[in-house]
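Colleague: This is structure-v9.txt, which holds compact mmCIF, C-alpha atoms:
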```
# COMPACT_ATOMS: atom_id res chain seq x y z
CA MET A 726 0.00 0.00 0.00
CA ASN A 727 1.22 3.48 -0.88
CA TYR A 728 0.55 6.49 1.36
CA LEU A 729 -0.27 10.17 1.14
CA THR A 730 1.75 12.25 3.60
CA THR A 731 2.11 15.85 4.72
CA GLU A 732 5.02 17.73 6.24
CA ASN A 733 3.40 17.62 9.71
CA GLY A 734 3.42 13.82 9.90
CA PHE A 735 0.01 12.93 8.47
CA LYS A 736 0.13 9.52 6.74
CA MET A 737 -2.90 7.93 5.07
CA PRO A 738 -3.19 4.84 2.85
CA VAL A 739 -3.69 6.06 -0.70
CA LEU A 740 -6.63 3.76 -1.38
CA GLY A 741 -9.53 3.01 0.93
CA ILE A 742 -13.02 1.59 1.03
CA GLY A 743 -16.07 3.82 1.15
CA THR A 744 -19.15 2.84 3.14
CA TRP A 745 -21.73 5.38 1.92
CA ARG A 746 -25.08 3.82 0.95
CA ALA A 747 -23.99 0.42 2.28
CA PRO A 748 -26.75 -1.07 4.48
CA ASP A 749 -25.93 -3.27 7.46
CA SER A 750 -26.81 -6.38 5.50
CA GLU A 751 -24.05 -5.61 3.01
CA VAL A 752 -21.41 -3.60 4.86
CA GLU A 753 -20.41 -6.38 7.29
CA SER A 754 -19.60 -8.90 4.55
CA ALA A 755 -18.03 -6.21 2.35
CA LEU A 756 -15.80 -4.98 5.16
CA ASN A 757 -14.71 -8.52 6.00
CA GLU A 758 -13.84 -9.09 2.34
CA ALA A 759 -12.02 -5.75 2.17
CA LEU A 760 -9.89 -6.45 5.24
CA GLU A 761 -9.06 -9.92 3.89
CA ALA A 762 -8.03 -8.35 0.58
CA GLY A 763 -5.70 -5.90 2.30
CA TYR A 764 -7.65 -2.65 2.70
CA ARG A 765 -6.47 -0.70 5.72
CA HIS A 766 -8.21 2.64 5.10
CA ILE A 767 -11.93 2.74 6.00
CA ASP A 768 -14.12 5.79 5.42
CA CYS A 769 -17.15 6.15 7.70
CA ALA A 770 -19.75 8.73 8.73
CA PRO A 771 -22.72 8.70 11.11
CA VAL A 772 -25.10 9.81 8.33
CA TYR A 773 -24.29 6.57 6.49
CA MET A 774 -26.16 4.86 9.37
CA ASN A 775 -23.85 1.86 9.53
CA GLU A 776 -21.16 2.77 12.08
CA PRO A 777 -22.39 0.20 14.66
CA VAL A 778 -22.00 -2.76 12.29
CA ILE A 779 -18.61 -1.43 11.16
CA GLY A 780 -17.59 -1.27 14.82
CA LYS A 781 -18.83 -4.80 15.42
CA THR A 782 -16.81 -6.08 12.45
CA LEU A 783 -13.64 -4.25 13.46
CA LYS A 784 -13.90 -5.56 17.01
CA SER A 785 -14.10 -9.13 15.77
CA TRP A 786 -10.88 -8.61 13.83
CA PHE A 787 -9.12 -7.03 16.80
CA ASP A 788 -10.35 -9.68 19.25
CA SER A 789 -9.19 -12.50 16.98
CA GLY A 790 -5.72 -11.00 16.64
CA ARG A 791 -5.99 -10.77 12.86
CA LEU A 792 -5.41 -7.01 13.01
CA THR A 793 -4.26 -4.41 15.51
CA ARG A 794 -5.86 -0.99 15.80
CA GLU A 795 -2.57 0.61 14.72
CA GLU A 796 -2.72 -1.16 11.36
CA LEU A 797 -5.92 0.61 10.34
CA PHE A 798 -6.64 4.16 9.23
CA ILE A 799 -10.23 5.07 10.09
CA THR A 800 -12.02 8.26 9.11
CA THR A 801 -15.38 9.49 10.31
CA LYS A 802 -17.16 12.81 10.12
CA LEU A 803 -19.04 15.51 12.03
CA PRO A 804 -22.56 15.33 10.54
CA PRO A 805 -24.47 18.33 9.13
CA HIS A 806 -26.87 18.42 12.10
CA ALA A 807 -23.90 18.72 14.48
CA ASN A 808 -21.95 21.36 12.59
CA ARG A 809 -21.43 23.72 15.52
CA ALA A 810 -18.78 24.00 18.20
CA SER A 811 -21.05 22.85 21.02
CA SER A 812 -21.85 19.54 19.26
CA VAL A 813 -18.40 18.44 18.11
CA GLU A 814 -17.29 16.39 21.11
CA LYS A 815 -20.69 14.81 21.69
CA PHE A 816 -20.95 13.54 18.13
CA LEU A 817 -17.34 12.39 17.92
CA ARG A 818 -17.82 10.40 21.13
CA ASN A 819 -21.05 8.97 19.65
CA SER A 820 -19.11 7.77 16.61
CA LEU A 821 -16.32 6.34 18.74
CA ALA A 822 -18.88 4.40 20.79
CA ALA A 823 -20.56 3.08 17.65
CA LEU A 824 -17.23 2.13 16.06
CA GLN A 825 -15.99 0.69 19.40
CA LEU A 826 -12.78 2.72 19.16
CA ASP A 827 -10.81 4.97 21.49
CA TYR A 828 -9.83 7.31 18.66
CA VAL A 829 -10.15 7.81 14.92
CA ASP A 830 -7.24 8.65 12.65
CA LEU A 831 -9.08 11.44 10.85
CA TYR A 832 -12.16 13.46 11.80
CA LEU A 833 -13.72 15.61 9.07
CA ILE A 834 -16.39 18.29 9.07
CA HIS A 835 -18.68 16.49 6.64
CA VAL A 836 -20.14 19.57 4.95
CA PRO A 837 -19.74 23.35 5.31
CA PHE A 838 -23.44 23.97 6.02
CA ALA A 839 -25.46 23.14 9.13
CA MET A 840 -28.91 21.92 10.11
CA PRO A 841 -30.68 21.98 13.50
CA GLU A 842 -29.42 19.31 15.87
CA THR A 843 -31.47 16.13 15.99
CA ASP A 844 -30.87 12.54 17.03
CA GLY A 845 -32.90 11.26 14.10
CA ALA A 846 -33.84 12.33 10.60
CA PHE A 847 -33.13 15.84 9.33
CA LEU A 848 -35.98 18.25 10.03
CA VAL A 849 -38.24 19.43 7.21
CA GLY A 850 -40.46 22.52 7.17
CA ASP A 851 -44.09 22.83 6.08
CA ASP A 852 -42.91 23.85 2.60
CA GLY A 853 -41.07 20.56 2.16
CA ASN A 854 -37.65 22.16 2.35
CA LEU A 855 -34.97 21.12 4.80
CA LEU A 856 -34.72 23.24 7.94
CA LEU A 857 -31.35 25.00 8.04
CA ASP A 858 -29.13 26.45 10.74
CA THR A 859 -27.78 29.55 9.00
CA GLU A 860 -25.60 30.63 11.95
CA THR A 861 -22.78 28.30 10.88
CA SER A 862 -19.35 29.44 12.10
CA HIS A 863 -16.53 27.45 10.55
CA LEU A 864 -13.96 29.07 12.80
CA LYS A 865 -15.76 28.22 16.03
CA THR A 866 -16.39 24.67 14.87
CA TRP A 867 -12.76 24.28 13.78
CA LYS A 868 -11.55 25.42 17.21
CA ALA A 869 -13.64 22.64 18.75
CA MET A 870 -12.18 20.20 16.20
CA GLU A 871 -8.68 21.20 17.32
CA GLU A 872 -9.67 20.41 20.91
CA MET A 873 -10.54 16.86 19.82
CA VAL A 874 -6.92 16.39 18.72
CA GLU A 875 -5.70 17.76 22.04
CA LYS A 876 -7.98 15.30 23.90
CA GLY A 877 -6.68 12.35 21.86
CA LEU A 878 -10.07 11.50 20.35
CA THR A 879 -8.71 11.93 16.83
CA LYS A 880 -5.18 12.06 15.49
CA HIS A 881 -5.92 14.45 12.64
CA ILE A 882 -8.71 16.75 11.49
CA GLY A 883 -9.88 17.88 8.09
CA LEU A 884 -12.74 18.99 5.88
CA SER A 885 -15.16 17.56 3.35
CA ASN A 886 -17.07 19.28 0.53
CA PHE A 887 -15.57 22.70 1.37
CA ASN A 888 -14.64 25.10 -1.40
CA GLU A 889 -11.36 27.02 -1.68
CA LYS A 890 -12.66 30.21 -0.05
CA GLN A 891 -14.02 28.29 2.94
CA ILE A 892 -10.77 26.33 3.36
CA GLN A 893 -8.68 29.49 3.17
CA ARG A 894 -10.74 31.08 5.94
CA ILE A 895 -9.84 28.19 8.23
CA ILE A 896 -6.16 28.15 7.20
CA ASP A 897 -5.93 31.85 8.02
CA ASN A 898 -7.36 31.38 11.53
CA CYS A 899 -6.30 27.94 12.73
CA THR A 900 -3.78 26.46 15.14
CA ILE A 901 -3.94 23.00 13.55
CA LYS A 902 -4.14 23.12 9.77
CA PRO A 903 -6.53 20.76 7.92
CA ALA A 904 -4.69 17.56 7.02
CA ASN A 905 -7.17 16.36 4.45
CA LEU A 906 -9.98 17.49 2.16
CA GLN A 907 -12.51 14.92 0.99
CA ILE A 908 -14.38 15.86 -2.18
CA GLU A 909 -16.13 14.31 -5.13
CA MET A 910 -13.48 13.66 -7.74
CA HIS A 911 -13.40 11.43 -10.80
CA LEU A 912 -12.54 11.52 -14.50
CA TYR A 913 -15.40 13.92 -15.33
CA LEU A 914 -14.90 16.15 -12.24
CA GLN A 915 -11.17 16.57 -11.79
CA GLN A 916 -11.26 19.82 -9.74
CA ARG A 917 -7.70 20.70 -10.76
CA GLU A 918 -7.71 24.22 -9.33
CA LEU A 919 -8.89 22.99 -5.93
CA LEU A 920 -6.38 20.13 -6.06
CA LYS A 921 -3.56 22.57 -6.83
CA PHE A 922 -4.67 24.77 -3.92
CA CYS A 923 -4.51 21.78 -1.57
CA TYR A 924 -1.05 20.78 -2.83
CA GLU A 925 0.20 24.31 -2.18
CA ASN A 926 -1.19 24.23 1.37
CA ASP A 927 0.07 20.73 2.26
CA ILE A 928 -3.45 19.30 2.42
CA THR A 929 -4.02 15.77 1.16
CA VAL A 930 -7.09 15.01 -0.94
CA THR A 931 -9.48 12.06 -0.74
CA ALA A 932 -11.79 11.35 -3.68
CA TYR A 933 -15.28 10.02 -3.06
CA SER A 934 -17.40 8.70 -5.95
CA PRO A 935 -14.18 7.99 -7.90
CA LEU A 936 -16.05 5.64 -10.25
CA GLY A 937 -19.08 7.89 -10.75
CA SER A 938 -21.42 6.68 -7.97
CA ALA A 939 -23.73 4.37 -9.92
CA GLY A 940 -27.21 4.28 -8.45
CA ILE A 941 -27.15 7.79 -7.00
CA GLU A 942 -30.12 8.70 -9.19
CA LYS A 943 -32.29 6.92 -6.60
CA LEU A 944 -31.55 9.70 -4.09
CA TYR A 945 -33.04 12.28 -6.46
CA GLN A 946 -36.34 10.46 -7.02
CA GLY A 947 -39.24 12.71 -6.12
CA THR A 948 -37.15 15.90 -6.17
CA GLY A 949 -37.92 16.88 -9.75
CA ILE A 950 -34.19 16.70 -10.51
CA GLU A 951 -33.00 14.15 -13.02
CA LYS A 952 -29.54 12.92 -12.11
CA ILE A 953 -27.90 10.38 -14.40
CA PRO A 954 -24.50 9.19 -13.15
CA PRO A 955 -21.80 9.35 -15.82
CA LYS A 956 -20.71 6.03 -17.29
CA LEU A 957 -17.02 6.56 -16.65
CA MET A 958 -16.10 2.95 -17.29
CA GLU A 959 -17.49 3.17 -20.81
CA ASN A 960 -15.30 6.15 -21.72
CA PRO A 961 -13.45 5.15 -24.94
CA GLN A 962 -10.06 6.44 -23.75
CA VAL A 963 -10.39 4.57 -20.46
CA VAL A 964 -11.41 1.36 -22.24
CA LYS A 965 -8.47 1.67 -24.66
CA ILE A 966 -5.94 2.14 -21.86
CA ALA A 967 -7.47 -0.70 -19.84
CA GLU A 968 -7.10 -3.07 -22.80
CA LYS A 969 -3.44 -2.07 -23.21
CA TYR A 970 -2.56 -2.97 -19.61
CA GLY A 971 -4.91 -5.92 -19.21
CA LYS A 972 -6.76 -4.02 -16.50
CA THR A 973 -10.40 -3.15 -15.89
CA PRO A 974 -11.68 0.36 -16.70
CA ALA A 975 -12.28 0.85 -12.95
CA GLN A 976 -8.62 0.11 -12.24
CA VAL A 977 -7.55 2.70 -14.83
CA LEU A 978 -9.88 5.32 -13.31
CA LEU A 979 -8.48 4.66 -9.83
CA ARG A 980 -4.88 4.62 -11.07
CA PHE A 981 -5.45 8.01 -12.70
CA LEU A 982 -6.42 9.47 -9.33
CA VAL A 983 -3.56 7.74 -7.49
CA GLN A 984 -1.06 9.23 -9.95
CA ASN A 985 -2.56 12.64 -9.22
CA ASN A 986 -1.62 12.06 -5.55
CA VAL A 987 -5.26 11.62 -4.59
CA ALA A 988 -6.64 8.86 -2.34
CA PRO A 989 -9.76 7.32 -3.91
CA ILE A 990 -12.27 5.54 -1.65
CA PRO A 991 -14.42 3.42 -3.98
CA LYS A 992 -17.40 1.69 -2.40
CA SER A 993 -18.24 -1.85 -3.42
CA THR A 994 -19.90 -4.84 -1.80
CA ASN A 995 -18.79 -7.23 -4.57
CA PRO A 996 -15.81 -9.38 -3.45
CA GLN A 997 -14.23 -9.54 -6.90
CA ARG A 998 -14.51 -5.80 -7.51
CA LEU A 999 -13.19 -5.07 -4.00
CA ARG A 1000 -10.01 -6.97 -4.85
CA GLU A 1001 -9.77 -5.49 -8.33
CA ASN A 1002 -10.10 -1.95 -6.97
CA LEU A 1003 -7.13 -2.56 -4.67
CA ASP A 1004 -4.98 -3.99 -7.48
CA VAL A 1005 -3.77 -0.72 -9.01
CA PHE A 1006 -0.16 -0.59 -7.85
CA ASP A 1007 1.46 -2.93 -10.39
CA PHE A 1008 1.17 -0.62 -13.41
CA ALA A 1009 1.62 3.07 -14.17
CA LEU A 1010 0.04 5.35 -16.76
CA THR A 1011 2.42 7.19 -19.05
CA ASP A 1012 2.59 10.99 -19.12
CA LYS A 1013 0.78 10.90 -22.46
CA GLU A 1014 -1.99 8.73 -21.05
CA MET A 1015 -2.35 10.99 -18.03
CA GLY A 1016 -2.63 13.97 -20.38
CA THR A 1017 -5.25 12.18 -22.47
CA LEU A 1018 -7.36 11.45 -19.41
CA ARG A 1019 -7.02 15.01 -18.11
CA GLU A 1020 -8.62 16.18 -21.35
CA GLU A 1021 -11.74 14.15 -20.44
CA ASP A 1022 -12.69 16.54 -17.61
CA ARG A 1023 -16.33 17.63 -18.14
CA ASN A 1024 -17.14 19.35 -14.82
CA ILE A 1025 -19.97 16.88 -14.13
CA ARG A 1026 -20.84 16.77 -10.44
CA VAL A 1027 -22.74 13.67 -9.36
CA CYS A 1028 -23.36 14.63 -5.72
CA ASP A 1029 -24.50 18.26 -5.41
CA PHE A 1030 -26.67 17.59 -2.31
CA LYS A 1031 -29.77 18.92 -4.05
CA PHE A 1032 -31.53 15.68 -3.17
CA PHE A 1033 -32.13 17.66 0.06
CA PRO A 1034 -34.70 20.30 -1.07
CA GLY A 1035 -33.77 23.85 -0.09
CA LEU A 1036 -30.23 23.04 0.98
CA ASP A 1037 -28.74 25.31 -1.67
CA LYS A 1038 -30.30 28.25 0.16
CA HIS A 1039 -27.79 27.92 3.01
CA PRO A 1040 -25.23 30.80 2.98
CA GLU A 1041 -22.38 28.27 3.19
CA PHE A 1042 -23.62 26.01 0.39
CA PRO A 1043 -20.30 25.35 -1.35
CA PHE A 1044 -21.14 24.74 -5.01
```
I'd like the structure from this file rewritten - as structure tokens, please.
Modeller:
Amino acid sequence: MNYLTTENGFKMPVLGIGTWRAPDSEVESALNEALEAGYRHIDCAPVYMNEPVIGKTLKSWFDSGRLTREELFITTKLPPHANRASSVEKFLRNSLAALQLDYVDLYLIHVPFAMPETDGAFLVGDDGNLLLDTETSHLKTWKAMEEMVEKGLTKHIGLSNFNEKQIQRIIDNCTIKPANLQIEMHLYLQQRELLKFCYENDITVTAYSPLGSAGIEKLYQGTGIEKIPPKLMENPQVVKIAEKYGKTPAQVLLRFLVQNNVAPIPKSTNPQRLRENLDVFDFALTDKEMGTLREEDRNIRVCDFKFFPGLDKHPEFPF
């Protein structure tokens, strides 16, 4: 396994497994398969509603002696309905209890906007729109995130779905700089300016939906928004390169991100694809092939969060 590192000692496996939209019935078997295959980077979040079964699975591996806690890199996130300084510790401790861990390796602010705190589903108004907390203060929340490092509840802190302006505001006012930014990134949404900004500020980048997030259109049903995920693995250039190396199109798409010094976190519950997704370190794309794939950028965002009606009215909506 290769790693992404920063000058301040942050070290994260360059390829991980995502757990978004993985129900309990699937995530336990998928995680067992992933750990058997060699995955050591696991991406979690309370809004994925599967942290307890992930914790149960991890504990079984630790108890059996097959793995030690130090061998794993585990990320979780501060959810949108806890995006305020007063909620940070409570929700991190909730995640630690669910995951049956004493600490996580990376704690991210999941999104730059906030909703009213609730222990259940997000609140919706009479007009059908999501209720928002528009008093979001990134700086106050970040200060509380820094305290979680000081208390040993997380080793590192970072951001997710923030734009460059929002990240810069934190950089300009922080004691502990963000170690990582998690964003949607794939062949058709390469975000090169934001990636360059992160490089220049010694912030590593994690790519969610690196294969295009097939099936996401289900989240938009009933919203009046038609969302068709891009068929990245049918891209002619990707298929041509895959045939040259005897690899799958998915492996080429992941290798493209890895060679851009990005850590993709593909989600799969299929044992064969889990192993294939990890098998991207025995070949390298040429400079010409990298250039060809960079030309395929189409600025197509799969996950714009508009499956939550009214969310784009929040003053910190990032897109």
Colleague: Considering all atoms listed in the file, state which residue in the set A:Lys815, A:Lys1038, A:Arg765, A:Lys965 is at the smallest distance from Gly741 (chain A).
Modeller: A:Arg765
Colleague: Separation of CA of Val813 (chain A) and CA of Leu729 (chain A), in Å?
Modeller: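 So the answer is 26.2 Å.
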Colleague: What does the distance from CA of Glu732 (chain A) to CA of Ile928 (chain A) come to in Å, to one decimal?
Modeller: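 Computed distance, CA of Glu732 (chain A) to CA of Ile928 (chain A), equals 9.4 Å.
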Colleague: With region 839-848 of chain A as the partner and 12 Å as the cut-off, tabulate the residues of region 745-776 of chain A that qualify, each row holding the nearest pair of atoms and their distance in Å to one decimal, using only C-alpha atoms, sorted by chain and rising number, as CSV.
Modeller:
```
residue,atom,partner,partner_atom,distance
A:Pro771,CA,A:Asp844,CA,10.8
A:Val772,CA,A:Ala846,CA,9.4
A:Tyr773,CA,A:Ala846,CA,11.9
A:Met774,CA,A:Gly845,CA,10.4
```
Colleague: Kindly indicate which residue among A:Asp1029, A:Asp1004, A:Asp1012, A:Glu968 lies nearest to Arg980 (chain A), using only C-alpha atoms for the distances.
Modeller: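 Of A:Asp1029, A:Asp1004, A:Asp1012, A:Glu968, the one nearest Arg980 (chain A), counting only C-alpha atoms, is A:Asp1004.
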Colleague: One decimal, in Å: what's the spacing between CA of Ala904 (chain A) and CA of Ala932 (chain A)?
Modeller: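 Separation of CA of Ala904 (chain A) and CA of Ala932 (chain A): 14.3 Å.
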Colleague: Find the residues of region 765-796 of chain A that sit at most 7 Å from region 753-757 of chain A; for each, write down the nearest two atoms and how far apart they are in Å, to one decimal. Count all atoms listed in the file. Sort by chain, then by number going up, and give it as CSV.
Modeller:
```
residue,atom,partner,partner_atom,distance
A:Val778,CA,A:Glu753,CA,6.4
A:Ile779,CA,A:Glu753,CA,6.5
A:Thr782,CA,A:Glu753,CA,6.3
```
Colleague: List as a PDB file with C-alpha atoms, keeping the file's coordinate frame the protein and nucleic acid residues near Lys921 (chain A), meaning an atom at most 12 Å away when all atoms listed in the file are counted, but skip any in the same chain fewer than 4 places from it.
Modeller:
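Below is the file selection-v1.pdb, written as the result:
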```pdb
ATOM      1  CA  GLU A 889     -11.360  27.020  -1.680  1.00  0.00           C
ATOM      2  CA  GLN A 915     -11.170  16.570 -11.790  1.00  0.00           C
ATOM      3  CA  GLN A 916     -11.260  19.820  -9.740  1.00  0.00           C
ATOM      4  CA  ARG A 917      -7.700  20.700 -10.760  1.00  0.00           C
ATOM      5  CA  GLU A 925       0.200  24.310  -2.180  1.00  0.00           C
ATOM      6  CA  ASN A 926      -1.190  24.230   1.370  1.00  0.00           C
ATOM      7  CA  ASP A 927       0.070  20.730   2.260  1.00  0.00           C
ATOM      8  CA  ILE A 928      -3.450  19.300   2.420  1.00  0.00           C
ATOM      9  CA  THR A 929      -4.020  15.770   1.160  1.00  0.00           C
ATOM     10  CA  VAL A 930      -7.090  15.010  -0.940  1.00  0.00           C
ATOM     11  CA  ASN A 985      -2.560  12.640  -9.220  1.00  0.00           C
ATOM     12  CA  ASN A 986      -1.620  12.060  -5.550  1.00  0.00           C
ATOM     13  CA  VAL A 987      -5.260  11.620  -4.590  1.00  0.00           C
TER      14      VAL A 987
END
```
